[in-house]
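Trainee: You'll find target16.pdb just under this line, and it carries PDB, C-alpha atoms, pLDDT in the B column.
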ATOM      1  CA  MET A  30     261.310 108.302  98.094  1.00 59.00           C
ATOM      2  CA  ASP A  31     260.525 104.656  97.410  1.00 65.00           C
ATOM      3  CA  SER A  32     257.282 103.025  98.563  1.00 67.00           C
ATOM      4  CA  SER A  33     258.839 101.382 101.632  1.00 68.00           C
ATOM      5  CA  ASP A  34     260.066 104.812 102.810  1.00 84.00           C
ATOM      6  CA  ALA A  35     256.630 106.307 102.135  1.00 83.00           C
ATOM      7  CA  ASP A  36     254.970 103.450 104.032  1.00 85.00           C
ATOM      8  CA  GLY A  37     257.314 104.054 106.951  1.00 88.00           C
ATOM      9  CA  VAL A  38     256.380 107.748 106.971  1.00 91.00           C
ATOM     10  CA  LEU A  39     252.682 106.844 106.878  1.00 89.00           C
ATOM     11  CA  ALA A  40     253.116 104.396 109.747  1.00 89.00           C
ATOM     12  CA  GLU A  41     254.901 107.056 111.803  1.00 92.00           C
ATOM     13  CA  GLN A  42     252.164 109.589 111.054  1.00 92.00           C
ATOM     14  CA  LEU A  43     249.470 107.123 112.127  1.00 90.00           C
ATOM     15  CA  LEU A  44     251.351 106.431 115.358  1.00 91.00           C
ATOM     16  CA  ARG A  45     251.726 110.149 116.099  1.00 92.00           C
ATOM     17  CA  VAL A  46     248.010 110.821 115.522  1.00 89.00           C
ATOM     18  CA  THR A  47     247.060 107.798 117.647  1.00 87.00           C
ATOM     19  CA  ARG A  48     249.320 108.910 120.487  1.00 90.00           C
ATOM     20  CA  ARG A  49     247.933 112.431 120.332  1.00 88.00           C
ATOM     21  CA  LEU A  50     244.381 111.106 120.469  1.00 84.00           C
ATOM     22  CA  GLN A  51     245.289 108.892 123.435  1.00 83.00           C
ATOM     23  CA  ARG A  52     246.930 111.791 125.315  1.00 86.00           C
ATOM     24  CA  ILE A  53     243.895 114.029 124.793  1.00 84.00           C
ATOM     25  CA  GLN A  54     241.502 111.276 125.803  1.00 80.00           C
ATOM     26  CA  SER A  55     243.550 110.410 128.906  1.00 82.00           C
ATOM     27  CA  ARG A  56     243.523 114.064 129.926  1.00 84.00           C
ATOM     28  CA  GLN A  57     239.726 114.137 129.567  1.00 80.00           C
ATOM     29  CA  LEU A  58     239.233 110.838 131.413  1.00 80.00           C
ATOM     30  CA  GLU A  59     241.329 111.852 134.415  1.00 83.00           C
ATOM     31  CA  PRO A  60     238.630 114.028 136.087  1.00 85.00           C
ATOM     32  CA  ILE A  61     236.147 111.159 135.671  1.00 83.00           C
ATOM     33  CA  GLY A  62     238.573 108.911 137.561  1.00 85.00           C
ATOM     34  CA  ILE A  63     238.975 106.187 134.971  1.00 88.00           C
ATOM     35  CA  THR A  64     241.878 104.980 132.864  1.00 87.00           C
ATOM     36  CA  PRO A  65     241.735 104.365 129.104  1.00 84.00           C
ATOM     37  CA  ALA A  66     242.085 100.612 129.768  1.00 89.00           C
ATOM     38  CA  GLN A  67     239.146 100.699 132.207  1.00 92.00           C
ATOM     39  CA  PHE A  68     237.131 102.651 129.621  1.00 89.00           C
ATOM     40  CA  ARG A  69     237.851  99.951 127.045  1.00 91.00           C
ATOM     41  CA  LEU A  70     236.746  97.228 129.463  1.00 95.00           C
ATOM     42  CA  LEU A  71     233.590  99.123 130.401  1.00 94.00           C
ATOM     43  CA  ARG A  72     232.718  99.577 126.709  1.00 93.00           C
ATOM     44  CA  THR A  73     233.331  95.893 126.103  1.00 95.00           C
ATOM     45  CA  VAL A  74     231.083  94.801 128.996  1.00 96.00           C
ATOM     46  CA  ALA A  75     228.331  97.091 127.695  1.00 94.00           C
ATOM     47  CA  HIS A  76     228.460  95.495 124.219  1.00 93.00           C
ATOM     48  CA  TYR A  77     227.547  92.020 125.457  1.00 94.00           C
ATOM     49  CA  ASP A  78     223.887  90.973 125.452  1.00 91.00           C
ATOM     50  CA  GLY A  79     224.284  89.644 128.996  1.00 91.00           C
ATOM     51  CA  PRO A  80     226.967  89.808 131.672  1.00 95.00           C
ATOM     52  CA  PRO A  81     230.174  88.294 130.241  1.00 96.00           C
ATOM     53  CA  ARG A  82     232.574  85.975 132.026  1.00 94.00           C
ATOM     54  CA  MET A  83     236.011  87.306 132.922  1.00 91.00           C
ATOM     55  CA  ALA A  84     237.488  84.828 130.400  1.00 91.00           C
ATOM     56  CA  ASP A  85     235.213  86.251 127.670  1.00 93.00           C
ATOM     57  CA  LEU A  86     236.505  89.738 128.418  1.00 95.00           C
ATOM     58  CA  ALA A  87     240.146  88.631 128.381  1.00 94.00           C
ATOM     59  CA  GLN A  88     239.647  86.972 125.005  1.00 93.00           C
ATOM     60  CA  ARG A  89     237.747  89.918 123.504  1.00 93.00           C
ATOM     61  CA  LEU A  90     240.350  92.413 124.759  1.00 92.00           C
ATOM     62  CA  ASP A  91     243.223  90.113 123.783  1.00 90.00           C
ATOM     63  CA  VAL A  92     244.819  90.318 127.233  1.00 92.00           C
ATOM     64  CA  VAL A  93     245.706  87.829 129.944  1.00 92.00           C
ATOM     65  CA  PRO A  94     242.936  87.097 132.472  1.00 89.00           C
ATOM     66  CA  ARG A  95     244.957  88.711 135.287  1.00 92.00           C
ATOM     67  CA  ALA A  96     244.801  92.043 133.450  1.00 92.00           C
ATOM     68  CA  VAL A  97     240.997  91.809 133.354  1.00 94.00           C
ATOM     69  CA  THR A  98     240.908  91.058 137.077  1.00 94.00           C
ATOM     70  CA  SER A  99     242.856  94.245 137.844  1.00 93.00           C
ATOM     71  CA  LEU A 100     240.639  96.348 135.581  1.00 95.00           C
ATOM     72  CA  VAL A 101     237.456  94.888 137.069  1.00 96.00           C
ATOM     73  CA  ASP A 102     238.813  95.525 140.584  1.00 96.00           C
ATOM     74  CA  GLY A 103     239.228  99.220 139.773  1.00 94.00           C
ATOM     75  CA  LEU A 104     235.838  99.547 138.094  1.00 96.00           C
ATOM     76  CA  GLU A 105     234.137  97.644 140.900  1.00 97.00           C
ATOM     77  CA  ALA A 106     235.753  99.890 143.517  1.00 95.00           C
ATOM     78  CA  GLY A 107     234.231 102.859 141.659  1.00 94.00           C
ATOM     79  CA  GLY A 108     230.795 101.209 141.590  1.00 96.00           C
ATOM     80  CA  ARG A 109     230.825 100.944 137.801  1.00 97.00           C
ATOM     81  CA  VAL A 110     230.642  97.141 137.544  1.00 97.00           C
ATOM     82  CA  ARG A 111     229.872  94.305 139.912  1.00 97.00           C
ATOM     83  CA  ARG A 112     230.803  90.674 140.024  1.00 96.00           C
ATOM     84  CA  ALA A 113     227.850  88.308 139.951  1.00 95.00           C
ATOM     85  CA  PRO A 114     227.713  84.524 140.206  1.00 93.00           C
ATOM     86  CA  ASP A 115     226.715  82.625 137.099  1.00 90.00           C
ATOM     87  CA  PRO A 116     223.263  81.094 137.720  1.00 88.00           C
ATOM     88  CA  ASP A 117     224.297  77.865 135.952  1.00 90.00           C
ATOM     89  CA  ASN A 118     227.818  77.415 137.322  1.00 89.00           C
ATOM     90  CA  ARG A 119     228.744  78.789 140.720  1.00 84.00           C
ATOM     91  CA  ARG A 120     232.470  78.635 139.873  1.00 88.00           C
ATOM     92  CA  VAL A 121     231.986  81.201 137.095  1.00 89.00           C
ATOM     93  CA  VAL A 122     231.904  84.923 137.803  1.00 91.00           C
ATOM     94  CA  ARG A 123     230.116  87.272 135.443  1.00 95.00           C
ATOM     95  CA  ILE A 124     230.633  91.030 135.201  1.00 97.00           C
ATOM     96  CA  GLU A 125     227.591  93.277 135.236  1.00 97.00           C
ATOM     97  CA  ILE A 126     227.616  96.970 134.382  1.00 96.00           C
ATOM     98  CA  THR A 127     225.882  99.135 136.998  1.00 97.00           C
ATOM     99  CA  GLU A 128     223.819 102.294 136.549  1.00 96.00           C
ATOM    100  CA  GLU A 129     226.901 104.245 137.634  1.00 95.00           C
ATOM    101  CA  GLY A 130     228.840 102.398 134.938  1.00 95.00           C
ATOM    102  CA  LEU A 131     226.280 103.323 132.289  1.00 94.00           C
ATOM    103  CA  THR A 132     226.372 106.966 133.385  1.00 92.00           C
ATOM    104  CA  THR A 133     230.174 106.908 133.274  1.00 91.00           C
ATOM    105  CA  LEU A 134     230.102 105.316 129.846  1.00 90.00           C
ATOM    106  CA  ARG A 135     227.931 108.143 128.499  1.00 88.00           C
ATOM    107  CA  SER A 136     230.374 110.724 129.907  1.00 84.00           C
ATOM    108  CA  LEU A 137     233.297 108.815 128.456  1.00 82.00           C
ATOM    109  CA  ARG A 138     231.731 108.668 125.021  1.00 83.00           C
ATOM    110  CA  ASP A 139     231.358 112.449 125.135  1.00 81.00           C
ATOM    111  CA  ALA A 140     235.028 112.759 126.144  1.00 78.00           C
ATOM    112  CA  ARG A 141     236.045 110.464 123.307  1.00 80.00           C
ATOM    113  CA  ARG A 142     234.066 112.514 120.777  1.00 85.00           C
ATOM    114  CA  ALA A 143     235.660 115.712 122.073  1.00 82.00           C
ATOM    115  CA  ALA A 144     239.132 114.177 121.752  1.00 81.00           C
ATOM    116  CA  ALA A 145     238.401 113.083 118.185  1.00 85.00           C
ATOM    117  CA  GLU A 146     237.038 116.520 117.349  1.00 89.00           C
ATOM    118  CA  GLU A 147     240.217 118.152 118.639  1.00 87.00           C
ATOM    119  CA  VAL A 148     242.420 115.863 116.542  1.00 88.00           C
ATOM    120  CA  LEU A 149     240.225 116.150 113.432  1.00 92.00           C
ATOM    121  CA  ALA A 150     239.680 119.926 113.698  1.00 94.00           C
ATOM    122  CA  PRO A 151     242.110 120.802 110.869  1.00 94.00           C
ATOM    123  CA  LEU A 152     240.164 118.615 108.401  1.00 95.00           C
ATOM    124  CA  THR A 153     237.181 119.627 106.307  1.00 95.00           C
ATOM    125  CA  THR A 154     234.036 117.509 106.301  1.00 94.00           C
ATOM    126  CA  HIS A 155     235.075 116.006 102.969  1.00 96.00           C
ATOM    127  CA  GLN A 156     238.572 115.196 104.246  1.00 95.00           C
ATOM    128  CA  ARG A 157     237.047 113.483 107.294  1.00 94.00           C
ATOM    129  CA  GLU A 158     234.855 111.370 105.011  1.00 93.00           C
ATOM    130  CA  VAL A 159     237.846 110.365 102.902  1.00 94.00           C
ATOM    131  CA  LEU A 160     239.899 109.567 106.015  1.00 92.00           C
ATOM    132  CA  GLY A 161     237.018 107.501 107.408  1.00 91.00           C
ATOM    133  CA  GLY A 162     236.853 105.497 104.194  1.00 91.00           C
ATOM    134  CA  LEU A 163     240.604 104.924 104.181  1.00 90.00           C
ATOM    135  CA  LEU A 164     240.654 103.854 107.819  1.00 88.00           C
ATOM    136  CA  SER A 165     237.716 101.512 107.213  1.00 90.00           C
ATOM    137  CA  ALA A 166     239.616  99.922 104.347  1.00 90.00           C
ATOM    138  CA  LEU A 167     242.597  99.372 106.644  1.00 86.00           C
ATOM    139  CA  VAL A 168     240.486  97.960 109.485  1.00 83.00           C
ATOM    140  CA  ASP A 169     238.406  95.757 107.179  1.00 85.00           C
ATOM    141  CA  GLY A 170     241.559  94.437 105.536  1.00 80.00           C
ATOM    142  CA  MET A 171     243.106  93.310 108.818  1.00 69.00           C
ATOM    143  CA  PRO A 172     243.168  89.550 109.368  1.00 65.00           C
ATOM    144  CA  LYS A 173     240.745  88.322 112.003  1.00 61.00           C
ATOM    145  CA  ARG A 174     242.358  87.241 115.260  1.00 54.00           C
ATOM    146  CA  HIS A 175     241.382  83.907 116.696  1.00 44.00           C
ATOM    147  CA  CYS A 176     242.192  83.806 120.381  1.00 39.00           C
TER     148      CYS A 176
END
So that I can check it, write out the structure of this file as structure tokens.

Mentor:
Amino acid sequence: MDSSDADGVLAEQLLRVTRRLQRIQSRQLEPIGITPAQFRLLRTVAHYDGPPRMADLAQRLDVVPRAVTSLVDGLEAGGRVRRAPDPDNRRVVRIEITEEGLTTLRSLRDARRAAAEEVLAPLTTHQREVLGGLLSALVDGMPKRHC
């Protein structure tokens, strides 16, 4: 098997593991009433020092602004975020995470850990460390995106 065939096999294996992790996580998120995309948005909002603008979220998530609007609508309907006017520019809307959102985020992090544990269960501690190092090398070697 030449290296391009081996790389193709590796790529397929990574895709299969990623899909499995996503399926498990989706199954665990369903009872909480949140989608994986909403979870990603909620995590992103929580990582800002202050309430981000919708445009900031679209850029950070690398999606079109309309996609952020739909995700915020769903999270706002569940009481997990709220829209707030920008104090310096009334045309700008900022997204604030609520206490319900923070509580949900904690539950979601637990669900994410459980999903990872299920996928990683066949690996020893040492194998997990090696995999973590390899994945870090891949992530760190990715070119930075400038949106």

Trainee: Within 9 Å of range 67-84 of chain A, which residues of range 124-155 of chain A come that close, and what is the closest atom pair and distance in Å for each? Count all atoms listed in the file and give it as a tab-separated table.

Mentor:
residue	atom	partner	partner_atom	distance
A:Ile124	CA	A:Pro80	CA	5.2
A:Glu125	CA	A:Pro80	CA	5.0
A:Ile126	CA	A:Ala75	CA	6.7
A:Gly130	CA	A:Leu71	CA	7.3
A:Leu131	CA	A:Ala75	CA	8.0
A:Thr133	CA	A:Phe68	CA	8.9
A:Leu134	CA	A:Arg72	CA	7.0
A:Leu137	CA	A:Phe68	CA	7.4

Trainee: Taking the file above as input, evaluate the PyMOL selection byres ((chain A and resi 145) around 12) and report the hits as an MDAnalysis selection string.

Mentor: chainID A and resid 46:54 57 138:144 146:152 157

Trainee: Taking (235.2, 92.4, 142.9) in the coordinates of the supplied file, I want to know which residues reach to within 8 Å of it, counting all atoms listed in the file; could you give the answer as a list in words?

Mentor: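 Using all atoms listed in the file, the matching residues come out as Val101, Asp102, Glu105, Ala106, Arg111 and Arg112 of chain A.
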
Trainee: Please compute the CA of Thr127 in chain A-CA of Gly108 in chain A distance, one decimal, in Å.

Mentor: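 Between CA of Thr127 in chain A and CA of Gly108 in chain A the gap works out to 7.0 Å.
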
Trainee: Go ahead and fit an axis-aligned box to every listed atom of range 38-53 of chain A plus 8 Å each side, and pass me the centre and edge lengths in Å, one decimal, as AutoDock Vina command-line options.

Mentor:
--center_x 250.1 --center_y 109.2 --center_z 116.1 --size_x 28.5 --size_y 25.6 --size_z 34.4

Trainee: One decimal, Å: what's the distance from CA of Gly62 in chain A over to CA of Leu104 in chain A, could you say?

Mentor: 9.8 Å
